[in-house]
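Engineer: I am sharing model.txt, which consists of compact mmCIF, C-alpha atoms:
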# COMPACT_ATOMS: atom_id res chain seq x y z
CA LEU A 1 -74.75 41.61 -1.29
CA LYS A 2 -78.42 42.43 -1.91
CA ASP A 3 -79.48 38.75 -1.72
CA ILE A 4 -77.47 38.21 1.47
CA ALA A 5 -78.93 41.35 3.05
CA THR A 6 -82.48 40.26 2.17
CA LYS A 7 -82.04 36.77 3.60
CA ALA A 8 -80.39 38.14 6.76
CA GLY A 9 -82.88 40.95 7.21
CA VAL A 10 -80.18 43.61 7.33
CA SER A 11 -78.94 46.39 5.05
CA GLN A 12 -76.34 45.93 2.32
CA MET A 13 -74.10 48.29 4.29
CA THR A 14 -74.26 45.91 7.26
CA VAL A 15 -73.28 42.98 5.03
CA SER A 16 -70.37 45.00 3.64
CA ARG A 17 -69.28 45.97 7.14
CA THR A 18 -69.49 42.32 8.23
CA LEU A 19 -67.17 41.30 5.42
CA ARG A 20 -64.64 44.05 6.06
CA TYR A 21 -64.87 45.08 9.72
CA GLN A 22 -65.97 42.14 11.84
CA GLU A 23 -65.09 43.90 15.09
CA LYS A 24 -67.55 46.71 14.32
CA VAL A 25 -70.56 44.41 13.89
CA ASN A 26 -72.86 43.12 16.60
CA THR A 27 -72.07 39.47 17.42
CA ASN A 28 -75.58 38.21 16.65
CA THR A 29 -75.71 40.13 13.36
CA PHE A 30 -72.29 38.85 12.36
CA SER A 31 -73.29 35.24 13.07
CA LYS A 32 -76.51 35.60 11.07
CA VAL A 33 -74.81 37.16 8.04
CA LYS A 34 -71.84 34.76 8.19
CA LYS A 35 -74.18 31.76 8.26
CA ILE A 36 -75.92 32.90 5.06
CA ILE A 37 -72.60 33.72 3.37
CA ASP A 38 -71.31 30.23 4.15
CA LYS A 39 -74.57 28.61 3.03
CA ILE A 40 -74.64 30.21 -0.42
CA GLY A 41 -70.87 30.08 -0.88
CA TYR A 42 -70.45 33.78 -1.47
CA VAL A 43 -66.91 34.96 -2.33
CA PRO A 44 -66.24 38.73 -2.24
CA ASN A 45 -64.93 40.41 -5.40
CA ASP A 46 -61.48 41.60 -4.33
CA ILE A 47 -60.92 43.43 -7.61
CA ALA A 48 -64.02 45.54 -7.10
CA ARG A 49 -63.02 46.19 -3.49
CA SER A 50 -59.49 47.25 -4.45
CA LEU A 51 -60.86 49.68 -7.04
CA ALA A 52 -63.04 51.27 -4.38
CA THR A 53 -60.44 51.34 -1.58
CA HIS A 54 -57.23 51.68 -3.66
CA ARG A 55 -55.85 48.78 -1.62
CA THR A 56 -55.39 45.10 -2.48
CA ASN A 57 -54.71 43.77 1.02
CA ALA A 58 -51.79 41.89 -0.50
CA VAL A 59 -48.08 42.03 0.28
CA ALA A 60 -45.39 40.55 -1.98
CA ILE A 61 -42.14 38.96 -0.90
CA ILE A 62 -39.34 38.03 -3.31
CA LEU A 63 -36.97 35.34 -2.08
CA PRO A 64 -33.77 34.13 -3.78
CA THR A 65 -34.98 30.57 -3.25
CA LEU A 66 -37.41 28.73 -0.99
CA ASN A 67 -35.22 26.53 1.18
CA GLN A 68 -34.60 25.85 4.87
CA VAL A 69 -32.89 29.23 5.15
CA PHE A 70 -35.65 31.48 3.82
CA ALA A 71 -38.77 29.37 4.44
CA PRO A 72 -39.09 30.54 8.10
CA SER A 73 -39.06 34.19 6.95
CA TYR A 74 -41.87 33.47 4.50
CA GLU A 75 -43.92 31.51 7.00
CA GLY A 76 -43.48 34.05 9.79
CA LEU A 77 -44.55 36.91 7.54
CA ARG A 78 -47.47 34.92 6.13
CA GLU A 79 -48.74 34.13 9.62
CA LYS A 80 -48.63 37.77 10.77
CA LEU A 81 -50.22 39.07 7.59
CA MET A 82 -52.99 36.46 7.67
CA TYR A 83 -53.84 37.51 11.23
CA ASN A 84 -54.27 41.07 9.91
CA GLN A 85 -56.29 39.91 6.88
CA TYR A 86 -53.57 40.38 4.29
CA ASP A 87 -52.54 37.90 1.61
CA LEU A 88 -48.89 37.15 0.92
CA MET A 89 -47.73 36.76 -2.68
CA LEU A 90 -44.46 34.91 -3.26
CA GLY A 91 -41.87 35.40 -6.00
CA ILE A 92 -38.64 33.40 -6.43
CA SER A 93 -35.72 35.16 -8.13
CA ASN A 94 -33.25 32.24 -8.18
CA TYR A 95 -30.56 34.76 -7.14
CA SER A 96 -31.06 36.62 -10.44
CA PRO A 97 -31.35 40.43 -10.18
CA ASN A 98 -32.97 40.50 -13.64
CA LEU A 99 -35.63 37.98 -12.62
CA GLU A 100 -36.20 39.95 -9.42
CA GLN A 101 -36.66 43.04 -11.59
CA ASP A 102 -39.39 41.28 -13.60
CA LEU A 103 -41.11 40.15 -10.40
CA VAL A 104 -41.04 43.66 -8.95
CA ARG A 105 -42.63 45.00 -12.13
CA THR A 106 -45.34 42.33 -11.95
CA PHE A 107 -46.14 43.00 -8.31
CA ILE A 108 -46.24 46.75 -8.87
CA SER A 109 -48.63 46.25 -11.79
CA ARG A 110 -50.88 44.27 -9.45
CA ARG A 111 -50.75 47.15 -6.98
CA VAL A 112 -49.65 45.21 -3.92
CA ASP A 113 -49.69 47.22 -0.69
CA ALA A 114 -46.02 46.51 0.11
CA ILE A 115 -42.99 44.61 -1.19
CA VAL A 116 -40.43 42.72 0.91
CA LEU A 117 -37.00 42.15 -0.63
CA ILE A 118 -33.96 40.18 0.48
CA GLY A 119 -30.67 42.06 0.71
CA GLY A 120 -29.41 44.99 -1.33
CA ASN A 121 -28.38 43.56 -4.72
CA HIS A 122 -30.90 45.06 -7.15
CA THR A 123 -30.76 46.33 -10.72
CA GLN A 124 -30.99 50.06 -11.33
CA LYS A 125 -34.36 49.53 -13.01
CA THR A 126 -35.65 47.79 -9.90
CA ILE A 127 -34.43 50.63 -7.70
CA THR A 128 -36.03 53.23 -9.97
CA MET A 129 -39.36 51.41 -10.02
CA LEU A 130 -39.43 51.14 -6.23
CA GLU A 131 -38.38 54.74 -5.72
CA ASN A 132 -41.17 56.01 -7.96
CA PHE A 133 -44.03 53.94 -6.62
CA SER A 134 -45.78 54.95 -3.43
CA PHE A 135 -45.96 51.88 -1.22
CA PRO A 136 -43.79 50.54 1.60
CA VAL A 137 -40.62 48.65 0.68
CA ILE A 138 -38.94 46.50 3.33
CA GLN A 139 -35.46 45.07 2.93
CA ILE A 140 -34.59 42.16 5.20
CA TRP A 141 -31.65 39.87 5.95
CA SER A 142 -28.90 42.49 5.56
CA LEU A 143 -27.97 46.14 6.03
CA PRO A 144 -27.79 47.41 2.43
CA LYS A 145 -25.73 50.46 1.58
CA GLN A 146 -28.59 51.85 -0.51
CA THR A 147 -31.86 51.62 1.39
CA LEU A 148 -35.19 51.67 -0.42
CA GLY A 149 -37.40 51.86 2.64
CA ASP A 150 -37.46 50.15 6.01
CA VAL A 151 -34.63 47.75 6.84
CA ILE A 152 -34.71 44.73 9.14
CA GLY A 153 -31.36 43.03 8.97
CA ILE A 154 -28.00 42.16 10.45
CA SER A 155 -24.37 42.89 9.59
CA HIS A 156 -23.02 39.73 7.95
CA LYS A 157 -19.57 41.33 7.79
CA LYS A 158 -19.51 41.91 11.54
CA GLY A 159 -20.79 38.41 12.17
CA ALA A 160 -17.92 36.91 10.17
CA GLU A 161 -15.43 39.19 11.93
CA ASN A 162 -16.69 38.06 15.34
CA MET A 163 -16.54 34.41 14.31
CA THR A 164 -12.94 34.85 13.17
CA LYS A 165 -12.05 36.68 16.40
CA TYR A 166 -13.43 33.77 18.43
CA LEU A 167 -11.39 31.19 16.51
CA TRP A 168 -8.28 33.32 16.98
CA LYS A 169 -9.04 33.70 20.68
CA ILE A 170 -9.15 29.94 21.24
CA GLY A 171 -5.79 29.50 19.54
CA LYS A 172 -6.70 28.75 15.93
CA ARG A 173 -4.31 30.32 13.45
CA ASN A 174 -4.59 28.33 10.21
CA ILE A 175 -8.22 29.12 9.34
CA GLY A 176 -10.12 28.28 6.18
CA TYR A 177 -13.43 29.60 4.95
CA ILE A 178 -16.50 27.98 3.37
CA GLY A 179 -19.31 30.21 2.18
CA GLY A 180 -22.08 30.51 -0.36
CA LYS A 181 -21.63 31.82 -3.89
CA ILE A 182 -20.95 35.55 -3.78
CA ARG A 183 -22.20 36.63 -7.21
CA ASP A 184 -25.24 38.94 -6.83
CA ASN A 185 -25.38 38.15 -3.11
CA ASP A 186 -24.46 40.90 -0.65
CA ARG A 187 -24.86 38.60 2.38
CA THR A 188 -22.24 36.04 1.35
CA THR A 189 -19.98 38.78 -0.01
CA ASP A 190 -20.06 40.61 3.32
CA ARG A 191 -19.30 37.39 5.23
CA LEU A 192 -16.24 36.64 3.11
CA ASN A 193 -15.05 40.24 3.36
CA GLY A 194 -15.52 40.13 7.12
CA PHE A 195 -13.38 37.02 7.41
CA ILE A 196 -10.62 38.38 5.16
CA SER A 197 -10.54 41.82 6.82
CA GLN A 198 -10.33 40.34 10.32
CA MET A 199 -7.52 37.98 9.33
CA LYS A 200 -5.73 40.96 7.84
CA LYS A 201 -6.04 42.76 11.19
CA PHE A 202 -4.33 39.74 12.72
CA GLY A 203 -1.52 40.13 10.19
CA GLN A 204 -2.60 37.09 8.20
CA LYS A 205 -3.05 37.00 4.44
CA VAL A 206 -5.81 34.62 3.31
CA GLU A 207 -4.71 32.49 0.37
CA LYS A 208 -7.34 31.64 -2.26
CA THR A 209 -6.69 27.98 -1.61
CA LYS A 210 -8.21 28.44 1.87
CA ILE A 211 -11.53 29.67 0.50
CA GLU A 212 -14.22 27.35 -0.80
CA GLU A 213 -17.41 28.64 -2.41
CA ALA A 214 -20.52 26.47 -2.28
CA GLN A 215 -22.85 26.64 -5.26
CA ASN A 216 -25.93 25.66 -3.29
CA PHE A 217 -27.04 26.23 0.28
CA LEU A 218 -27.37 22.53 1.00
CA ILE A 219 -25.76 20.33 3.66
CA GLU A 220 -24.44 18.03 0.92
CA ASP A 221 -22.74 20.93 -0.83
CA GLY A 222 -21.22 22.10 2.44
CA ALA A 223 -19.80 18.61 3.01
CA ARG A 224 -18.36 18.59 -0.51
CA CYS A 225 -16.72 21.98 0.07
CA PHE A 226 -15.26 20.78 3.37
CA LYS A 227 -13.71 17.74 1.70
CA ASN A 228 -12.23 19.90 -1.07
CA LEU A 229 -10.83 22.40 1.42
CA ILE A 230 -9.22 19.77 3.64
CA LYS A 231 -7.79 18.00 0.62
CA ARG A 232 -6.06 21.21 -0.49
CA CYS A 233 -5.15 22.40 2.99
CA PRO A 234 -4.87 19.36 5.32
CA ASN A 235 -3.35 21.46 8.14
CA LEU A 236 -6.43 23.64 8.71
Go ahead and render the structure in this file as structure tokens.
Structural biologist:
Amino acid sequence: LKDIATKAGVSQMTVSRTLRYQEKVNTNTFSKVKKIIDKIGYVPNDIARSLATHRTNAVAIILPTLNQVFAPSYEGLREKLMYNQYDLMLGISNYSPNLEQDLVRTFISRRVDAIVLIGGNHTQKTITMLENFSFPVIQIWSLPKQTLGDVIGISHKKGAENMTKYLWKIGKRNIGYIGGKIRDNDRTTDRLNGFISQMKKFGQKVEKTKIEEAQNFLIEDGARCFKNLIKRCPNL
């Protein structure tokens, strides 16, 4: 900072303010300091800054997988955070609560400023870690029974119920179901439960043969499940 300040003819405090609070610096001063920073290739020491401010300007998100379903959530969050000068750190749990637990521990150890989680299926150790660490936790994509912080989600059970109601309304009675694997996944579990509970309200028992569980959230796997379901139950 001292070398930059000397070359720019300003104080070290002004250089620091330029790096951290652009809107508080005179336009001409900012341009002069920025030009020198770019010329010498200066990169701020984020570790030193985080020690001084007790903030890392980093947010972590843990996704079950990075596919066409979750990629828009990552990209949308990354774009908003980047605009506000935050970095986004990504962890992939592969639908494993134990792997998610390890990722949460890693992100906490790196003192991220917030953690974003998908759904409500978490190990007790994960829950304990998040409850005892003072930073924002955001759960997205569902409405978990046990909330750990702020929640931005939808009711997958209600969505499945409404879908089933619509099919019943247009005269469909022999209805099958294709969904994602339900193990350690509250979203797919709620969808299946929503379908079954609504059919029960209509006085219909859902046979296991009318349910097909996809192992992957891919179009090809959906097509395979459809073929299997129709082969077993051709009258659907």
Engineer: Can you list, as a list of chain:residue names, every protein, DNA or RNA residue that comes within 7 Å of segment 128-137 of chain A when you count all atoms listed in the file, leaving out same-chain residues fewer than 3 positions away?
Structural biologist: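 Counting all atoms listed in the file, the residues come to A:Asp113, A:Ala114, A:Ile115, A:Val116, A:Gln124, A:Lys125, A:Leu148, A:Gly149, A:Asp150.
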Engineer: Counting only C-alpha atoms, what is within 12 Å of Ser142 of chain A, bar same-chain residues fewer than 5 positions away, as a list in words?
Structural biologist: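 So the residues in contact are Leu117, Ile118, Gly119, Gly120, Asn121, Thr147, Asp150, Val151, Ile152, Gly153, Ile154, Ser155, His156, Lys157, Lys158, Gly159, Asn185, Asp186, Arg187, Thr188, Thr189, Asp190 and Arg191 of chain A.
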Engineer: Please provide as a PDB file with C-alpha atoms, in the coordinates of the input all residues within 6 Å of segment 99-109 of chain A, with the sequence filter that same-chain residues fewer than 3 positions apart are discarded (counting only C-alpha atoms).
Structural biologist:
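This went into result_12.pdb:
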ATOM      1  CA  SER A  93     -35.720  35.160  -8.130  1.00  0.00           C
ATOM      2  CA  SER A  96     -31.060  36.620 -10.440  1.00  0.00           C
ATOM      3  CA  THR A 126     -35.650  47.790  -9.900  1.00  0.00           C
TER       4      THR A 126
END
Engineer: One decimal, in Å: what's the spacing between atom CA of Tyr177 of chain A and atom CA of Phe202 of chain A?
Structural biologist: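 Computing the Euclidean distance for atom CA of Tyr177 of chain A and atom CA of Phe202 of chain A yields 15.7 Å.
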Engineer: Measure the distance from atom CA of Gly180 of chain A to atom CA of Val59 of chain A in Å and round it to one decimal.
Structural biologist: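 Answer for the atom CA of Gly180 of chain A to atom CA of Val59 of chain A separation: 28.4 Å.
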Engineer: Neighbourhood query: residues within 10 Å of (-36.5, 29.7, -1.1), file coordinates, counting only C-alpha atoms; return as a PyMOL selection string.
Structural biologist: chain A and resi 62-74+90-95
Engineer: Find the residues around Glu212 of chain A up to 8 Å (all atoms listed in the file counted), leave out those fewer than 6 positions away in its own chain, and share them as an NGL selection string.
Structural biologist: :A and (177-179 or 225-226 or 228-229)
Engineer: One number please: atom CA of Thr123 of chain A to atom CA of Asn57 of chain A, in Å, one decimal.
Structural biologist: 26.8 Å
Engineer: Which residue, A:Lys181, A:Ile127, A:Gln22, A:Asn98, has the smallest gap to Gly222 of chain A when you use all atoms listed in the file?
Structural biologist: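 Answer, going by the shortest atom-to-atom distance: A:Lys181.
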Engineer: Would you mind listing what lies within 12 Å of Ile196 of chain A as a ChimeraX atom specification, with all atoms listed in the file counted and same-chain residues fewer than 2 positions away left out?
Structural biologist: /A:157-158,160-165,175-177,189-194,198-208,210-211
Engineer: When distances are computed from all atoms listed in the file, which of A:Gln146, A:Asn84, A:Gln12, A:Asn174 shows the smallest separation from Ala58 of chain A?
Structural biologist: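 Among the listed residues, the smallest separation from Ala58 of chain A belongs to A:Asn84.
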Engineer: Got a minute to add all heavy atoms to segment 173-184 of chain A and dump it as a short mmCIF file (atom, residue, chain, number, x, y, z; two decimals), keeping the file's coordinate frame?
Structural biologist:
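selection_12.cif written:
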data_model
loop_
_atom_site.label_atom_id
_atom_site.label_comp_id
_atom_site.auth_asym_id
_atom_site.auth_seq_id
_atom_site.Cartn_x
_atom_site.Cartn_y
_atom_site.Cartn_z
N ARG A 173 -5.06 29.38 14.27
CA ARG A 173 -4.31 30.32 13.45
C ARG A 173 -4.42 30.01 11.96
O ARG A 173 -4.44 30.91 11.13
CB ARG A 173 -2.83 30.29 13.85
CG ARG A 173 -2.57 30.77 15.29
CD ARG A 173 -2.90 32.25 15.42
NE ARG A 173 -2.63 32.76 16.75
CZ ARG A 173 -3.53 32.83 17.73
NH1 ARG A 173 -4.77 32.40 17.52
NH2 ARG A 173 -3.22 33.32 18.91
N ASN A 174 -4.49 28.75 11.61
CA ASN A 174 -4.59 28.33 10.21
C ASN A 174 -6.08 28.10 9.91
O ASN A 174 -6.61 27.01 10.09
CB ASN A 174 -3.78 27.06 9.98
CG ASN A 174 -3.45 26.85 8.52
OD1 ASN A 174 -3.69 27.75 7.70
ND2 ASN A 174 -2.93 25.68 8.19
N ILE A 175 -6.76 29.15 9.45
CA ILE A 175 -8.22 29.12 9.34
C ILE A 175 -8.65 29.17 7.88
O ILE A 175 -8.16 29.99 7.10
CB ILE A 175 -8.84 30.32 10.09
CG1 ILE A 175 -8.36 30.34 11.55
CG2 ILE A 175 -10.36 30.26 10.04
CD1 ILE A 175 -8.78 31.59 12.30
N GLY A 176 -9.55 28.29 7.52
CA GLY A 176 -10.12 28.28 6.18
C GLY A 176 -11.55 28.83 6.21
O GLY A 176 -12.11 29.08 7.28
N TYR A 177 -12.10 29.00 5.04
CA TYR A 177 -13.43 29.60 4.95
C TYR A 177 -14.28 28.87 3.91
O TYR A 177 -13.85 28.64 2.78
CB TYR A 177 -13.32 31.08 4.56
CG TYR A 177 -14.65 31.78 4.41
CD1 TYR A 177 -15.26 32.41 5.50
CD2 TYR A 177 -15.30 31.83 3.17
CE1 TYR A 177 -16.48 33.05 5.36
CE2 TYR A 177 -16.51 32.47 3.03
CZ TYR A 177 -17.11 33.08 4.12
OH TYR A 177 -18.31 33.71 3.97
N ILE A 178 -15.51 28.54 4.29
CA ILE A 178 -16.50 27.98 3.37
C ILE A 178 -17.72 28.89 3.41
O ILE A 178 -18.26 29.19 4.48
CB ILE A 178 -16.91 26.54 3.78
CG1 ILE A 178 -15.71 25.60 3.73
CG2 ILE A 178 -18.03 26.03 2.85
CD1 ILE A 178 -16.01 24.21 4.26
N GLY A 179 -18.14 29.33 2.25
CA GLY A 179 -19.31 30.21 2.18
C GLY A 179 -20.11 29.96 0.92
O GLY A 179 -19.70 29.20 0.04
N GLY A 180 -21.24 30.64 0.82
CA GLY A 180 -22.08 30.51 -0.36
C GLY A 180 -21.53 31.32 -1.52
O GLY A 180 -20.63 32.14 -1.36
N LYS A 181 -22.08 31.09 -2.71
CA LYS A 181 -21.63 31.82 -3.89
C LYS A 181 -21.87 33.31 -3.70
O LYS A 181 -22.92 33.73 -3.20
CB LYS A 181 -22.31 31.30 -5.15
CG LYS A 181 -23.82 31.32 -5.11
CD LYS A 181 -24.38 30.68 -6.38
CE LYS A 181 -25.91 30.62 -6.34
NZ LYS A 181 -26.46 29.97 -7.54
N ILE A 182 -20.90 34.11 -4.09
CA ILE A 182 -20.95 35.55 -3.78
C ILE A 182 -21.53 36.39 -4.91
O ILE A 182 -21.86 37.56 -4.69
CB ILE A 182 -19.55 36.08 -3.41
CG1 ILE A 182 -18.58 35.92 -4.58
CG2 ILE A 182 -19.02 35.36 -2.18
CD1 ILE A 182 -17.22 36.55 -4.32
N ARG A 183 -21.67 35.83 -6.09
CA ARG A 183 -22.20 36.63 -7.21
C ARG A 183 -23.65 37.07 -6.92
O ARG A 183 -24.49 36.25 -6.59
CB ARG A 183 -22.14 35.83 -8.50
CG ARG A 183 -22.65 36.61 -9.70
CD ARG A 183 -22.57 35.79 -10.98
NE ARG A 183 -23.11 36.53 -12.11
CZ ARG A 183 -23.21 36.04 -13.34
NH1 ARG A 183 -22.78 34.81 -13.60
NH2 ARG A 183 -23.72 36.77 -14.31
N ASP A 184 -23.90 38.36 -7.03
CA ASP A 184 -25.24 38.94 -6.83
C ASP A 184 -25.80 38.61 -5.45
O ASP A 184 -27.01 38.46 -5.28
CB ASP A 184 -26.22 38.44 -7.91
CG ASP A 184 -25.80 38.87 -9.30
OD1 ASP A 184 -25.29 40.01 -9.44
OD2 ASP A 184 -25.98 38.09 -10.26
#
